[in-house]
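Each remark here refers to the structure printed beneath this line.
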Amino acid sequence: MDSLIQFAQQDLGNPGLAALLSNPSFAFIQLMNSFSQAMNLFIIAAGLSLIFGVLRVINFAHGAFYMFGAYIVYSVAQEWTGNFWLGVAAAGLGLAVMAVVIERGLFQYIYDKEHLMQLLLTFAVVLILSDVAKIIWGTDQYSVSYPASMKGAVDLGVTFYPTYRLFLIVVGPAIAIGLWLFTERTRFGRLTRAATQDREMLSALGVNVPIIYTGVFILGSVLAGIGGGLAAPFNSPTPGMDATIIVDCFVIVIVGGLGSIWGSFIGAIIYGLVFNYGSVIVPNWQDVFPFLILLAVLLVRPWGLFGKPEGGNA
Amino acid sequence: MTGRMTRPVLAACLTVLVLLALVPLLESNYLIDLFNEIMIYALFALSLNVIIGYSGNVSFGHAAYFAIGGYTMAILLTTYEWSLLPAFAASVAFSFVASGVVAYFCTRLTDIYFAMLTLAFSMLVWGVAFKWRSMTGGDDGFVGVDVPAFIAERVPFYYFSLVVIATAVAVLWVICHSAFGRALLAVRENPVRAGFVGINTRLMRWWAFVVAGTFAGIAGSLFAMVHRGMYTESAFWPESATVLIMTLLGGMYSFFGPAIGAASLFLLERLTNEYTEYWPLVLGTILLAILMFLPEGLAGLAQAVRRQILRGR
């Protein structure tokens with residue numbers, strides 16, 4: 001081990017790698033950082049993936065939903081009530097309302113159109129929402145404080161770790177299991193899966209498919225809103241955050257496989273690990289690594305690690 | 001669609017060319033710069049249409065090649081003090097090579113995965129431009145491009161730009177209306193049947209991608225010179241979406257449609273900025289309207305109107 005550390009330090013000239021090898025608690029903190037970032041991203045990406053899985057629309061506006069979630073938490077928690085959890089609930093509720101309006105008002109007309117039309121329609125929504133956010137909240141960068149009960153750090157034996165980030169690590173898998181139970185064990189979940197398989201047949205069996213579509217769109221969008229709300233304390237709400245997060249989500253859902261919840265889960269963890277360890281080993285280039293992974297996956301398994309090999313509804 | 005221009009189209013092209021050549025006579029710096037940029041974006045949109053309108057694949061990362069051309073030009077002219085011709089040649093060559101490599105991978109996929117892979121590559125280019133601060137200037141942008149003295153003034157540069165773009169558009173026109181362009185259309189309409197007829201569809205799509213990337217690189221090189229700089233926004237994904245909107249607005253099933261789309265959108269942006277800072281809101285609304293009511297773009301609208309008039313007679 002010592003020779004390995006020396007090799008990293010002197011022969012490779014990489015102090016980051018040497019620190020990871022020589023300092024277990026530093027390496028451990030990176031691991032925890034990877035997981036907490038991954039779990040926050042998972043919540044958002046799962047919504048995107050869920051919507052694609054059923055509606056077959058890649059929603060560029062998902063990033064804007066996330067941004068609205070963060071802004072709503074700022075307004076409700078920071079400015080108005082002072083209660084962070086009330087803010088997160090409001091973010092979820094607000095996004096549910098937005099989702100109904102956008103799905104019923106626009107998206108329902110494009111399900112059988114070409115992909116180009118769909119992409120551009122969702123991009124139009126991005127443009128409109130980003131300016132609406134500017135009109136409401138301006139261009140300032142807001143800070144949202146951590147919820148009062150989670151301000152400190154917890155002793156994990158190896159090292160102390162911030163309570164809030166630990167909470168994110170727990171909440172991610174909980175949401176994943178919840179979503180899995182929902183799609184696998186409930187009637188609505190079964191209908192959702194049926195709608196993915198054969199929309200027309202389901203409709204012929206007397207099921208109200210448009211309602212299912214709306215329901216799934218609401219669920220996915222609420223996840224984006226809650227994800228944005230939970231991110232607000234460490235990712236200050238600011239214009240432009242929608243354009244960056246959507247690219248991260250694309251990387252995750254494509255690596256994991258579009259439409260697969262566990263795929264997004266694993267994709268998010270891969271993203272978190274690559275980003276956090278990458279930033280230590282090759283500082284400043286961490287933003288590029290996720291794209292390299294994405295390229296590798298797209299070239300070998302375009303349908304992603306957990307996806308099914310089919311070309312959408314082309 | 002024949003290999004020769006019909007007389008009205010040729011006449012229209014020459015008229016536009018003459019009018020553009022007369023712009024400097026207005027002696028307005030604002031207008032000269034405005035038309036220069038419009039021409040650059042027109043070429044950018046026309047190049048994208050080779051992939052979309054002719055080969056039928058949607059590239060969501062076309063800004064990458066615009067940025068590659070622009071950054072290469074900026075860096076070679078300024079950092080390495082190359083003279084204009086070698087720098088231009090190298091910038092075009094590099095756009096060609098870069099799009100060739102990306103096309104090799106992207107053409108293995110179709111449809112939504114093709115779009116996503118082009119997006120991923122463009123974000124990689126953006127990431128490099130953003131992080132390679134010592135070479136590209138990072139998020140401050142590459143400022144202060146050394147434009148060679150003989151075209152450093154506004155008017156000479158305008159004419160230089162006009163000649164380059166007019167030549168580029170003419171070459172694109174010839175390419176799109178050659179046997180190659182027809183084969184591409186066959187691939188777009190029915191890849192399976194085109195394959196049976198003996199067309200190497202993947203090779204065709206590769207060439208379409210490379211032609212598009214190279215000409216986007218030319219547009220980018222000119223952009224770097226007219227702005228005396230290059231910025232990471234040019235490689236970011238919303239830029240790819242913007243040029244896609246230009247193409248769609250003009251109409252992707254006609255050759256000149258995208259140029260008209262680029263000009264309209266660009267003018268509209270300038271006009272909107274006079275009154276409000278919320279240009280994206282306006283653009284989003286326009287885009288919604290096109291998608292809902294005008295899916296074939298302005299060129300499609302013009303054709304529909306012409307059909308109506310002919311029927312009325």
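Letters A, B, ... mark the chains of the structure tokens in the order given; residue numbers begin at 1 per chain; ligand numbers begin at 1, in order shown.
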Exercise for review: Identify, on the basis of only C-alpha atoms, every residue whose closest approach to region 2-19 of chain A does not exceed 10 Å; exclude the query and any residue fewer than 6 positions from it along the same chain; express the result as a list in words.
Suggested key: Ser25, Phe26, Ala27, Tyr277, Gly278, Ser279, Val280, Ile281, Val282 and Pro283 of chain A
Could you list, with a cut-off of 8 Å and counting only C-alpha atoms, the residues of chain A near chain B, each shown with its nearest atom pair and the distance in Å rounded to one decimal, rows sorted by chain and ascending number, as JSON lines?
```
{"residue": "A:His115", "atom": "CA", "partner": "B:Ile112", "partner_atom": "CA", "distance": 6.9}
{"residue": "A:Leu116", "atom": "CA", "partner": "B:Val58", "partner_atom": "CA", "distance": 6.6}
{"residue": "A:Met117", "atom": "CA", "partner": "B:Leu291", "partner_atom": "CA", "distance": 6.6}
{"residue": "A:Leu120", "atom": "CA", "partner": "B:Ile245", "partner_atom": "CA", "distance": 7.6}
{"residue": "A:Leu121", "atom": "CA", "partner": "B:Leu288", "partner_atom": "CA", "distance": 6.3}
{"residue": "A:Phe123", "atom": "CA", "partner": "B:Gly284", "partner_atom": "CA", "distance": 7.6}
{"residue": "A:Ala124", "atom": "CA", "partner": "B:Gly284", "partner_atom": "CA", "distance": 4.2}
{"residue": "A:Val125", "atom": "CA", "partner": "B:Gly284", "partner_atom": "CA", "distance": 6.5}
{"residue": "A:Val126", "atom": "CA", "partner": "B:Gly284", "partner_atom": "CA", "distance": 7.7}
{"residue": "A:Leu127", "atom": "CA", "partner": "B:Pro280", "partner_atom": "CA", "distance": 5.1}
{"residue": "A:Ile128", "atom": "CA", "partner": "B:Leu281", "partner_atom": "CA", "distance": 4.5}
{"residue": "A:Leu129", "atom": "CA", "partner": "B:Leu281", "partner_atom": "CA", "distance": 7.7}
{"residue": "A:Ser130", "atom": "CA", "partner": "B:Pro280", "partner_atom": "CA", "distance": 7.9}
{"residue": "A:Asp131", "atom": "CA", "partner": "B:Leu281", "partner_atom": "CA", "distance": 5.7}
{"residue": "A:Val132", "atom": "CA", "partner": "B:Leu281", "partner_atom": "CA", "distance": 7.6}
{"residue": "A:Ala243", "atom": "CA", "partner": "B:Pro238", "partner_atom": "CA", "distance": 8.0}
{"residue": "A:Asn284", "atom": "CA", "partner": "B:Lys131", "partner_atom": "CA", "distance": 6.7}
{"residue": "A:Trp285", "atom": "CA", "partner": "B:Lys131", "partner_atom": "CA", "distance": 6.6}
{"residue": "A:Asp287", "atom": "CA", "partner": "B:Gly127", "partner_atom": "CA", "distance": 6.6}
{"residue": "A:Val288", "atom": "CA", "partner": "B:Gly127", "partner_atom": "CA", "distance": 5.6}
{"residue": "A:Phe291", "atom": "CA", "partner": "B:Leu124", "partner_atom": "CA", "distance": 6.1}
{"residue": "A:Leu292", "atom": "CA", "partner": "B:Leu124", "partner_atom": "CA", "distance": 7.6}
{"residue": "A:Leu294", "atom": "CA", "partner": "B:Ala120", "partner_atom": "CA", "distance": 7.1}
{"residue": "A:Leu295", "atom": "CA", "partner": "B:Ala120", "partner_atom": "CA", "distance": 6.7}
{"residue": "A:Leu298", "atom": "CA", "partner": "B:Leu117", "partner_atom": "CA", "distance": 6.8}
{"residue": "A:Leu299", "atom": "CA", "partner": "B:Phe105", "partner_atom": "CA", "distance": 7.0}
{"residue": "A:Pro302", "atom": "CA", "partner": "B:Tyr113", "partner_atom": "CA", "distance": 6.7}
{"residue": "A:Trp303", "atom": "CA", "partner": "B:Tyr113", "partner_atom": "CA", "distance": 8.0}
{"residue": "A:Gly311", "atom": "CA", "partner": "B:Asp111", "partner_atom": "CA", "distance": 7.2}
{"residue": "A:Gly312", "atom": "CA", "partner": "B:Ile112", "partner_atom": "CA", "distance": 7.4}
{"residue": "A:Ala314", "atom": "CA", "partner": "B:Asp111", "partner_atom": "CA", "distance": 6.9}
```
Point to revise | Of the listed residues B:Phe256, B:Tyr275, B:Phe35, B:Trp82, that which approaches Pro148 (chain B) most closely, counting only C-alpha atoms | key: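 Of B:Phe256, B:Tyr275, B:Phe35, B:Trp82, the one nearest Pro148 (chain B) is B:Trp82, counting only C-alpha atoms.
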Point to revise | Long-range neighbours of Thr192 (chain A) as a PyMOL selection string, 9 Å cut-off, only C-alpha atoms, 5 positions minimum in chain | key: chain A and resi 54+183+187+197+209+212-213+216
Store the residues of this selection in a file with C-alpha atoms, as a short mmCIF file (atom, residue, chain, number, x, y, z; two decimals), in the first residue's frame.
```cif
data_model
loop_
_atom_site.label_atom_id
_atom_site.label_comp_id
_atom_site.auth_asym_id
_atom_site.auth_seq_id
_atom_site.Cartn_x
_atom_site.Cartn_y
_atom_site.Cartn_z
CA VAL A 54 -44.63 5.69 -20.70
CA THR A 183 -45.15 0.24 -10.78
CA ARG A 187 -53.22 -1.31 -10.22
CA GLN A 197 -46.43 -1.99 -24.03
CA VAL A 209 -55.20 5.98 -21.34
CA ILE A 212 -52.69 7.42 -17.18
CA TYR A 213 -50.45 9.63 -19.29
CA VAL A 216 -47.41 9.60 -15.06
#
```
Practice item. Output as a ChimeraX atom specification all residues of region 55-142 of chain B that backbone DSSP marks as helix (DSSP H, G or I). Key: /B:55,63-78,84-106,111-131,133-136,138-140
Check your understanding: What residues in region 43-251 of chain B get the DSSP label strand (DSSP E)? Please answer as a ChimeraX atom specification.
Key -> /B:142-143,229-230
Practice item. Would you mind listing what lies within 9 Å of region 133-145 of chain B as a PyMOL selection string, with only C-alpha atoms counted and same-chain residues fewer than 3 positions away left out? Key: chain B and resi 71+73-75+77-79+128-130+224-225+227-233
